[in-house]
>>> print(open('upload_11.txt').read())   # compact mmCIF, C-alpha atoms
# COMPACT_ATOMS: atom_id res chain seq x y z
CA MET A 1413 137.14 45.49 0.26
CA THR A 1414 138.36 46.87 -3.08
CA SER A 1415 139.22 50.54 -3.40
CA ASP A 1416 136.39 51.11 -5.90
CA ARG A 1417 133.84 49.56 -3.58
CA LEU A 1418 135.19 51.53 -0.62
CA LEU A 1419 134.93 54.74 -2.62
CA GLY A 1420 131.37 53.92 -3.67
CA ASP A 1421 130.27 53.15 -0.12
CA LEU A 1422 131.96 56.31 1.13
CA LEU A 1423 130.16 58.49 -1.38
CA ALA A 1424 126.91 56.79 -0.36
CA GLY A 1425 127.55 57.94 3.22
CA ARG A 1426 127.81 54.50 4.80
CA THR A 1427 129.30 54.89 8.27
CA ALA A 1428 131.49 51.80 8.19
CA ALA A 1429 133.01 52.88 4.88
CA VAL A 1430 133.68 56.39 6.23
CA ALA A 1431 135.48 54.95 9.25
CA ARG A 1432 137.54 52.57 7.15
CA ALA A 1433 138.47 55.23 4.61
CA ILE A 1434 139.67 57.51 7.40
CA SER A 1435 141.85 54.71 8.79
CA GLU A 1436 143.32 54.10 5.32
CA VAL A 1437 144.26 57.77 5.01
CA GLU A 1438 145.36 58.30 8.59
CA ASN A 1439 147.76 55.36 8.44
CA ALA A 1440 148.93 56.12 4.87
CA ARG A 1441 148.10 52.61 3.70
CA PRO A 1442 148.79 51.67 0.08
CA GLY A 1443 146.24 53.25 -2.22
CA PHE A 1444 145.19 56.07 0.11
CA GLU A 1445 146.19 58.76 -2.38
CA GLN A 1446 144.07 57.10 -5.09
CA LEU A 1447 141.15 57.15 -2.66
CA LEU A 1448 141.65 60.86 -2.01
CA ALA A 1449 141.89 61.49 -5.74
CA GLY A 1450 138.58 59.69 -6.19
CA VAL A 1451 136.72 61.89 -3.73
CA HIS A 1452 138.14 65.16 -5.07
CA PRO A 1453 135.37 65.81 -7.65
CA HIS A 1454 132.79 65.53 -4.86
CA LEU A 1455 134.21 68.20 -2.54
CA GLY A 1456 132.95 71.67 -1.70
CA ARG A 1457 129.51 70.97 -0.28
CA ALA A 1458 130.33 70.99 3.43
CA ARG A 1459 131.16 73.96 5.61
CA ARG A 1460 134.35 73.38 7.57
CA ILE A 1461 134.38 75.08 10.95
CA GLY A 1462 137.51 75.12 13.08
CA LEU A 1463 137.25 75.49 16.85
CA THR A 1464 140.47 76.32 18.62
CA GLY A 1465 141.61 77.74 21.93
CA PRO A 1466 143.72 77.05 24.99
CA PRO A 1467 143.33 73.88 27.06
CA GLY A 1468 140.30 73.95 29.33
CA ALA A 1469 138.42 76.60 27.33
CA GLY A 1470 135.43 74.30 26.87
CA LYS A 1471 135.98 73.45 23.20
CA SER A 1472 134.49 69.96 23.42
CA THR A 1473 131.42 71.11 25.31
CA LEU A 1474 130.80 73.95 22.89
CA THR A 1475 131.34 71.57 19.97
CA GLU A 1476 128.68 69.27 21.39
CA ARG A 1477 126.27 72.20 21.66
CA LEU A 1478 126.94 73.16 18.05
CA VAL A 1479 126.29 69.58 16.93
CA THR A 1480 122.94 69.65 18.73
CA ALA A 1481 122.02 72.99 17.17
CA TYR A 1482 122.84 71.80 13.66
CA ARG A 1483 121.01 68.52 14.18
CA ASP A 1484 117.94 70.52 15.24
CA ARG A 1485 118.15 72.06 11.78
CA GLY A 1486 118.20 68.62 10.21
CA LEU A 1487 121.84 68.77 9.09
CA ALA A 1488 124.28 65.85 9.12
CA VAL A 1489 127.31 66.74 11.23
CA ALA A 1490 130.83 65.32 11.46
CA VAL A 1491 133.30 66.08 14.23
CA VAL A 1492 137.07 65.65 14.03
CA ALA A 1493 138.55 65.98 17.53
CA VAL A 1494 142.34 66.15 17.73
CA ASP A 1495 144.09 65.11 20.95
CA PRO A 1496 147.78 65.53 21.75
CA THR A 1497 150.16 62.62 21.39
CA SER A 1498 152.45 61.84 24.30
CA PRO A 1499 156.09 62.61 23.51
CA PHE A 1500 157.10 59.74 25.82
CA SER A 1501 154.76 56.84 25.09
CA GLY A 1502 153.54 57.91 21.64
CA GLY A 1503 149.96 57.28 22.72
CA ALA A 1504 146.95 59.59 23.00
CA LEU A 1505 143.90 59.50 25.26
CA LEU A 1506 141.42 60.49 22.50
CA GLY A 1507 139.05 61.58 25.24
CA ASP A 1508 137.30 64.58 23.66
CA ARG A 1509 134.50 62.39 22.36
CA ILE A 1510 133.64 61.40 25.94
CA ARG A 1511 132.16 64.88 26.38
CA MET A 1512 130.00 64.35 23.29
CA GLU A 1513 128.25 61.17 24.32
CA SER A 1514 124.84 62.86 24.22
CA VAL A 1515 125.09 63.10 20.41
CA ALA A 1516 127.37 60.15 19.69
CA LEU A 1517 124.51 57.70 19.07
CA ASP A 1518 122.77 59.92 16.50
CA PRO A 1519 123.05 58.08 13.14
CA ARG A 1520 123.62 61.40 11.33
CA VAL A 1521 126.48 62.41 13.61
CA PHE A 1522 129.97 61.05 12.99
CA ILE A 1523 132.70 61.65 15.57
CA ARG A 1524 136.32 60.78 14.90
CA SER A 1525 139.15 61.32 17.35
CA MET A 1526 142.66 61.69 15.99
CA ALA A 1527 146.08 61.86 17.61
CA SER A 1528 148.26 64.80 16.69
CA ARG A 1529 151.20 62.41 16.03
CA GLY A 1530 153.77 65.10 16.68
CA SER A 1531 152.19 67.77 14.50
CA LEU A 1532 152.74 71.18 16.08
CA GLY A 1533 150.05 73.24 14.36
CA GLY A 1534 147.10 72.14 16.51
CA LEU A 1535 145.90 69.50 14.04
CA ALA A 1536 146.89 65.97 13.14
CA THR A 1537 149.03 65.42 10.06
CA THR A 1538 146.07 64.13 8.01
CA THR A 1539 143.21 66.24 9.38
CA ARG A 1540 142.72 68.04 6.06
CA GLU A 1541 142.47 64.77 4.14
CA VAL A 1542 140.02 63.35 6.67
CA CYS A 1543 137.84 66.43 6.21
CA ASP A 1544 137.84 65.75 2.46
CA LEU A 1545 136.49 62.26 3.10
CA LEU A 1546 133.76 63.59 5.38
CA ASP A 1547 132.83 66.25 2.83
CA ALA A 1548 132.50 63.64 0.09
CA ALA A 1549 130.42 61.43 2.42
CA GLY A 1550 127.72 64.10 2.52
CA PHE A 1551 128.10 65.80 5.88
CA ALA A 1552 126.82 69.37 5.75
CA ARG A 1553 128.91 70.63 8.67
CA ILE A 1554 132.38 69.47 9.64
CA LEU A 1555 133.53 70.69 13.05
CA VAL A 1556 137.27 70.41 13.68
CA GLU A 1557 138.30 70.74 17.32
CA THR A 1558 142.02 71.32 17.72
CA VAL A 1559 144.25 70.34 20.58
CA GLY A 1560 144.66 72.96 23.31
CA VAL A 1561 146.76 75.57 21.51
CA GLY A 1562 149.00 78.49 22.35
CA GLN A 1563 149.57 81.66 20.35
CA SER A 1564 151.22 80.28 17.22
CA GLU A 1565 149.26 77.12 16.28
CA LEU A 1566 147.54 78.45 13.18
CA ASP A 1567 146.98 75.38 10.99
CA VAL A 1568 143.24 75.35 11.68
CA ALA A 1569 142.81 78.72 9.94
CA ARG A 1570 144.36 77.28 6.78
CA MET A 1571 141.92 74.39 6.55
CA ALA A 1572 138.63 75.91 7.78
CA ASP A 1573 136.03 78.09 6.09
CA SER A 1574 135.32 79.69 9.47
CA THR A 1575 137.66 79.74 12.47
CA VAL A 1576 136.31 80.20 16.00
CA LEU A 1577 138.73 81.13 18.77
CA ILE A 1578 137.37 80.09 22.18
CA LEU A 1579 138.71 81.89 25.23
CA VAL A 1580 137.77 82.04 28.89
CA PRO A 1581 137.89 84.92 31.38
CA GLU A 1582 141.20 83.58 32.72
CA SER A 1583 142.86 83.76 29.29
CA GLY A 1584 144.90 86.83 30.18
CA ASP A 1585 144.89 90.59 30.25
CA ALA A 1586 144.60 93.20 27.52
CA ILE A 1587 148.24 92.70 26.50
CA GLN A 1588 147.48 89.08 25.56
CA THR A 1589 144.73 90.24 23.18
CA LEU A 1590 147.21 92.50 21.39
CA LYS A 1591 149.72 89.75 20.60
CA SER A 1592 150.13 88.33 17.14
CA GLY A 1593 149.30 84.78 16.18
CA VAL A 1594 146.04 83.00 16.74
CA MET A 1595 144.33 86.26 17.75
CA GLU A 1596 144.85 87.51 14.19
CA VAL A 1597 143.42 84.57 12.25
CA ALA A 1598 140.10 83.99 14.00
CA ASP A 1599 136.88 84.88 12.18
CA LEU A 1600 134.80 84.77 15.36
CA PHE A 1601 135.73 85.13 19.00
CA VAL A 1602 133.90 83.36 21.80
CA VAL A 1603 134.36 84.09 25.49
CA ASN A 1604 133.12 80.83 26.98
CA LYS A 1605 132.25 80.24 30.63
CA ALA A 1606 130.73 83.70 30.59
CA ASP A 1607 129.14 83.13 33.99
CA ARG A 1608 132.58 83.63 35.54
CA PRO A 1609 133.85 87.02 36.70
CA GLY A 1610 135.81 88.93 34.09
CA ALA A 1611 134.00 87.64 31.00
CA GLU A 1612 132.54 91.00 29.99
CA LYS A 1613 135.87 92.73 30.60
CA LEU A 1614 137.67 90.25 28.31
CA ARG A 1615 135.02 90.74 25.65
CA GLN A 1616 135.53 94.50 25.73
CA GLU A 1617 139.32 94.14 25.57
CA ILE A 1618 139.07 91.87 22.52
CA GLU A 1619 136.71 94.30 20.79
CA ILE A 1620 139.11 97.18 21.44
CA THR A 1621 142.00 95.14 20.06
CA LEU A 1622 140.02 94.31 16.92
CA GLY A 1623 139.17 97.98 16.54
CA ILE A 1624 142.82 98.98 16.84
CA ARG A 1625 143.78 96.51 14.09
CA ARG A 1626 141.02 97.87 11.85
CA GLY A 1627 142.03 101.45 12.67
CA ASN A 1628 138.66 102.45 14.09
CA ALA A 1629 138.91 101.63 17.77
CA TYR A 1630 138.25 105.21 18.93
CA ARG A 1631 136.37 106.59 15.94
CA HIS A 1632 133.47 107.77 18.11
CA VAL A 1633 135.64 109.37 20.80
CA PRO A 1634 136.09 113.19 20.50
CA VAL A 1635 139.40 115.03 20.73
CA HIS A 1636 139.64 116.76 24.10
CA HIS A 1637 142.31 119.42 23.41
CA LYS A 1638 141.58 122.80 21.93
CA ALA A 1639 143.85 124.21 19.25
CA ASP A 1640 145.42 126.61 21.77
CA GLY A 1641 146.33 123.77 24.08
CA GLN A 1642 143.53 124.45 26.58
CA VAL A 1643 141.61 121.45 27.76
CA GLY A 1644 137.88 121.27 28.25
CA ARG A 1645 134.53 121.86 26.61
CA GLY A 1646 133.41 125.18 25.24
CA THR A 1647 130.15 126.97 25.89
CA GLU A 1648 126.87 127.23 24.04
CA GLY A 1649 127.17 123.82 22.44
CA GLN A 1650 130.81 124.22 21.36
CA VAL A 1651 133.11 121.29 22.05
CA ASP A 1652 136.87 121.77 21.72
CA GLY A 1653 136.46 124.67 19.29
CA ARG A 1654 133.72 122.93 17.34
CA ALA A 1655 130.49 124.79 16.76
CA GLY A 1656 127.49 123.04 15.36
CA GLY A 1657 129.58 120.01 14.48
CA ARG A 1658 132.10 122.03 12.45
CA VAL A 1659 135.78 122.66 13.05
CA GLY A 1660 137.12 126.21 13.23
CA GLY A 1661 134.24 127.52 11.15
CA ASN A 1662 135.12 125.23 8.26
CA SER A 1663 132.10 124.08 6.30
CA ALA A 1664 133.31 120.49 6.14
CA PRO A 1665 131.38 118.16 8.48
CA ASP A 1666 133.24 116.91 11.52
CA ARG A 1667 133.58 113.13 11.26
CA MET A 1668 134.86 113.00 14.82
CA ALA A 1669 131.85 114.71 16.38
CA PRO A 1670 130.93 112.77 19.52
CA ALA A 1671 127.64 111.15 20.28
CA ASP A 1672 125.76 112.35 23.35
CA GLY A 1673 127.40 111.22 26.55
CA GLU A 1674 130.65 110.00 25.01
CA ALA A 1675 133.84 110.65 26.92
CA GLY A 1676 136.72 112.70 25.54
CA LEU A 1677 140.12 111.42 24.55
CA ILE A 1678 143.23 113.51 25.12
CA ALA A 1679 145.13 113.76 21.84
CA ASP A 1680 148.56 115.15 22.61
CA SER A 1681 149.71 114.44 19.08
CA LEU A 1682 147.70 117.28 17.50
CA PRO A 1683 149.95 119.87 15.83
CA PRO A 1684 149.85 123.44 17.18
CA GLY A 1685 148.06 126.25 15.39
CA PRO A 1686 144.54 126.63 14.08
CA PRO A 1687 143.29 123.32 12.63
CA ALA A 1688 140.90 124.88 10.13
CA HIS A 1689 143.13 124.09 7.15
CA LEU A 1690 143.79 120.49 8.16
CA PRO A 1691 141.81 117.85 6.28
CA ILE A 1692 139.83 115.45 8.40
CA ARG A 1693 140.91 111.90 7.79
CA PRO A 1694 137.95 109.69 6.88
CA PRO A 1695 137.42 106.59 8.98
CA ALA A 1696 139.37 103.54 7.91
CA ARG A 1697 137.59 101.33 5.42
CA LEU A 1698 136.04 98.45 7.30
CA PRO A 1699 136.67 94.93 6.02
CA ALA A 1700 133.84 92.91 4.57
CA TRP A 1701 133.60 90.96 7.81
CA ALA A 1702 134.05 92.48 11.27
CA GLN A 1703 134.75 89.69 13.75
CA PRO A 1704 132.12 89.51 16.49
CA VAL A 1705 132.95 88.71 20.10
CA LEU A 1706 130.29 86.47 21.63
CA LEU A 1707 129.61 85.33 25.17
CA THR A 1708 128.66 81.70 25.77
CA THR A 1709 128.26 79.33 28.67
CA ALA A 1710 128.42 76.00 26.90
CA SER A 1711 127.81 73.93 30.02
CA LYS A 1712 124.38 75.58 30.30
CA GLY A 1713 123.68 75.81 26.59
CA GLU A 1714 123.72 79.61 26.66
CA GLY A 1715 124.83 81.59 23.64
CA THR A 1716 124.95 78.67 21.19
CA ASP A 1717 122.17 80.04 18.98
CA SER A 1718 123.99 83.37 18.65
CA LEU A 1719 127.15 81.53 17.63
CA VAL A 1720 125.32 79.50 14.97
CA GLU A 1721 123.76 82.69 13.58
CA ALA A 1722 127.16 84.40 13.52
CA LEU A 1723 128.68 81.44 11.67
CA ASP A 1724 125.91 81.66 9.10
CA ARG A 1725 126.49 85.40 8.67
CA HIS A 1726 130.21 84.82 8.24
CA HIS A 1727 129.65 82.19 5.58
CA GLU A 1728 127.29 84.50 3.69
CA SER A 1729 129.80 87.36 3.95
CA VAL A 1730 132.85 85.47 2.69
CA ALA A 1731 130.82 83.75 -0.02
CA ALA A 1732 129.46 87.07 -1.31
CA SER A 1733 132.87 88.78 -1.21
CA GLY A 1734 134.67 85.96 -2.99
CA GLU A 1735 136.90 85.27 0.00
CA LEU A 1736 135.47 81.79 0.49
CA GLU A 1737 136.45 80.79 -3.02
CA ALA A 1738 139.88 82.35 -2.53
CA ARG A 1739 140.39 80.42 0.73
CA ARG A 1740 139.44 77.14 -0.88
CA ARG A 1741 141.70 77.75 -3.87
CA GLN A 1742 144.58 78.56 -1.55
CA ARG A 1743 143.82 75.38 0.37
CA LEU A 1744 144.10 73.36 -2.85
CA PHE A 1745 147.38 75.05 -3.70
CA GLU A 1746 148.85 74.26 -0.28
CA ARG A 1747 147.55 70.70 -0.45
CA THR A 1748 149.28 70.17 -3.77
CA GLN A 1749 152.50 71.52 -2.30
CA GLU A 1750 152.21 69.11 0.62
CA VAL A 1751 151.62 66.13 -1.67
CA VAL A 1752 154.62 67.05 -3.82
CA GLU A 1753 156.84 67.52 -0.76
CA ARG A 1754 155.69 64.23 0.73
CA ALA A 1755 156.34 62.34 -2.50
CA THR A 1756 159.72 64.02 -2.95
CA ARG A 1757 160.78 63.24 0.60
CA ARG A 1758 159.72 59.62 0.21
CA TRP A 1759 161.58 59.28 -3.09
CA LEU A 1760 164.71 60.98 -1.75
CA TRP A 1761 165.13 58.78 1.31
CA GLN A 1762 163.72 55.52 -0.02
CA GLU A 1763 164.77 55.37 -3.66
CA THR A 1764 168.12 57.18 -3.75
CA GLN A 1765 171.39 56.66 -1.94
CA ALA A 1766 171.04 59.85 0.10
CA GLU A 1767 170.59 58.08 3.42
CA ARG A 1768 173.58 55.78 2.79
CA LEU A 1769 175.74 58.76 1.84
CA VAL A 1770 174.88 60.58 5.05
CA ARG A 1771 175.64 57.53 7.16
CA ASP A 1772 178.92 56.89 5.35
CA ARG A 1773 180.14 60.41 6.06
CA LEU A 1774 178.76 60.67 9.60
CA ASP A 1775 182.28 60.51 11.08
CA GLU A 1776 183.30 63.55 9.07
CA LEU A 1777 180.22 65.38 10.32
CA ALA A 1778 180.94 64.44 13.92
CA ASP A 1779 184.61 65.47 13.69
CA GLY A 1780 183.77 68.84 12.20
CA ARG A 1781 185.58 68.17 8.94
CA LEU A 1782 182.31 68.43 7.06
CA SER A 1783 179.20 70.45 7.82
CA PRO A 1784 175.61 69.23 7.27
CA TYR A 1785 175.14 72.11 4.85
CA ASP A 1786 178.06 71.07 2.64
CA LEU A 1787 176.90 67.46 2.59
CA ALA A 1788 173.34 68.48 1.80
CA ALA A 1789 174.62 70.68 -1.02
CA ASP A 1790 176.53 67.71 -2.46
CA ILE A 1791 173.41 65.53 -2.34
CA VAL A 1792 171.22 68.17 -3.97
CA GLU A 1793 173.81 68.86 -6.66
CA GLY A 1794 173.95 65.16 -7.44
CA LEU A 1795 170.17 65.08 -7.84
CA ARG A 1796 170.30 68.08 -10.11
CA GLN A 1797 172.75 66.28 -12.32
CA GLY A 1798 170.29 63.41 -12.64
CA GLU A 1799 172.28 61.08 -10.45
CA ARG A 1800 170.82 59.06 -7.62
CA VAL A 1801 173.89 60.06 -5.59
>>> encode(input="upload_11.txt", output="structure tokens")
Amino acid sequence: MTSDRLLGDLLAGRTAAVARAISEVENARPGFEQLLAGVHPHLGRARRIGLTGPPGAGKSTLTERLVTAYRDRGLAVAVVAVDPTSPFSGGALLGDRIRMESVALDPRVFIRSMASRGSLGGLATTTREVCDLLDAAGFARILVETVGVGQSELDVARMADSTVLILVPESGDAIQTLKSGVMEVADLFVVNKADRPGAEKLRQEIEITLGIRRGNAYRHVPVHHKADGQVGRGTEGQVDGRAGGRVGGNSAPDRMAPADGEAGLIADSLPPGPPAHLPIRPPARLPAWAQPVLLTTASKGEGTDSLVEALDRHHESVAASGELEARRRQRLFERTQEVVERATRRWLWQETQAERLVRDRLDELADGRLSPYDLAADIVEGLRQGERV
């Protein structure tokens, strides 16, 4: 099949052409970059949704539920499921699709399993390019399920319009929710297997962590110390020296006034002396999108509708704020960088004498007479001078 015919069949949404085009790109066969260039004008119609989380969180089951929900809406759905590659045999089970057999026979559902091939970011090396092909083929939703990830596999956030982090009640304590990494890049949080003990507790801990990062975790909690250091509530409706919702008689409204029934928070950091002259800091400005924390039990189909609605709200929010366009532009910038780096690396090691030079001076490297950095500097300097070293 010629490349023009393959491109035409791909744009027409023919399943066989989609599968073949993915194989061409995944295996970097001759002409794959021309194929990707041909689909570029047809991108931007699909929503790319990344689903990530630790092993055993139920990503595949939840992905299957999302496919069913989108198919009920009449949308064509593609799934890219990434499985880890063995560091010993180089093979991969590619077993995620086994959990999706209930939707696998739907003609408007396309499921592709990919091996990570040593990539450490949670995705395969060509996952982004494969998503481009699926976008051009006319799929309205592209669900990308990563391998089971840890705290620092963040590639999915750089290729998705919406990133869902799936956790389970056994994912850890409150300290885990405070750590940097994947907890910072998710647009939506899902506590799956919510029928297990500890699900609600984890949800609350995640919400508190998100509030701390936004600076508004305790915005509704009143200060519990008086200005004179005494602790407790006043009388006749006064709370901590506040009367009628005002501080020290000041006419400015108290933004920290508690709602009925809210507990107090001891604030030892308050400076001594009457606080009447102190300005009241306004609450931190909330971002355009406040990440929700949802409870699901994918094995029972519970919570999927709420997740779909939240994904729709997120898309509307980032589209209205301009963030969606900014994400996609950044994605194009990073893609161009990757293509340039790949072409440069291929040219350097295949079309210059760099590899021969390294091998020729390997004894000097091994003996310590020459460092890798000095040799690399010599090679780069030769390239700068226009020589093929």
>>> residues_around(input="upload_11.txt", residues="region 1784-1792 of chain A", least_positions_apart="6", cutoff="12 Å", atoms="only C-alpha atoms", output="VMD selection string")
chain A and resid 1760 to 1761 1764 to 1778 1798 to 1801
>>> closest_residue(input="upload_11.txt", among="A:Leu1566, A:Ala1702, A:Ala1493, A:Ala1428", to="Pro1519 (chain A)", atoms="all atoms listed in the file")
A:Ala1428
>>> residues_around(input="upload_11.txt", residues="Ser1435 (chain A)", least_positions_apart="5", cutoff="12 Å", atoms="all atoms listed in the file", output="JSON, numbers by chain")
{"A": [1418, 1428, 1429, 1430, 1440, 1441, 1442, 1443, 1444, 1447, 1524, 1525, 1526, 1538, 1539, 1541, 1542, 1545]}
>>> closest_residue(input="upload_11.txt", among="A:Arg1477, A:Arg1757, A:Arg1511, A:Arg1747", to="Leu1448 (chain A)", atoms="only C-alpha atoms")
A:Arg1747
>>> closest_residue(input="upload_11.txt", among="A:Met1571, A:Leu1622, A:Ala1755, A:Leu1535", to="Trp1701 (chain A)", atoms="all atoms listed in the file")
A:Leu1622
>>> closest_residue(input="upload_11.txt", among="A:Thr1414, A:Ser1574, A:Asn1439, A:Ser1472", to="Glu1735 (chain A)", atoms="all atoms listed in the file")
A:Ser1574
>>> closest_residue(input="upload_11.txt", among="A:Leu1478, A:Val1568, A:Val1603, A:Val1597", to="Arg1743 (chain A)", atoms="all atoms listed in the file")
A:Val1568
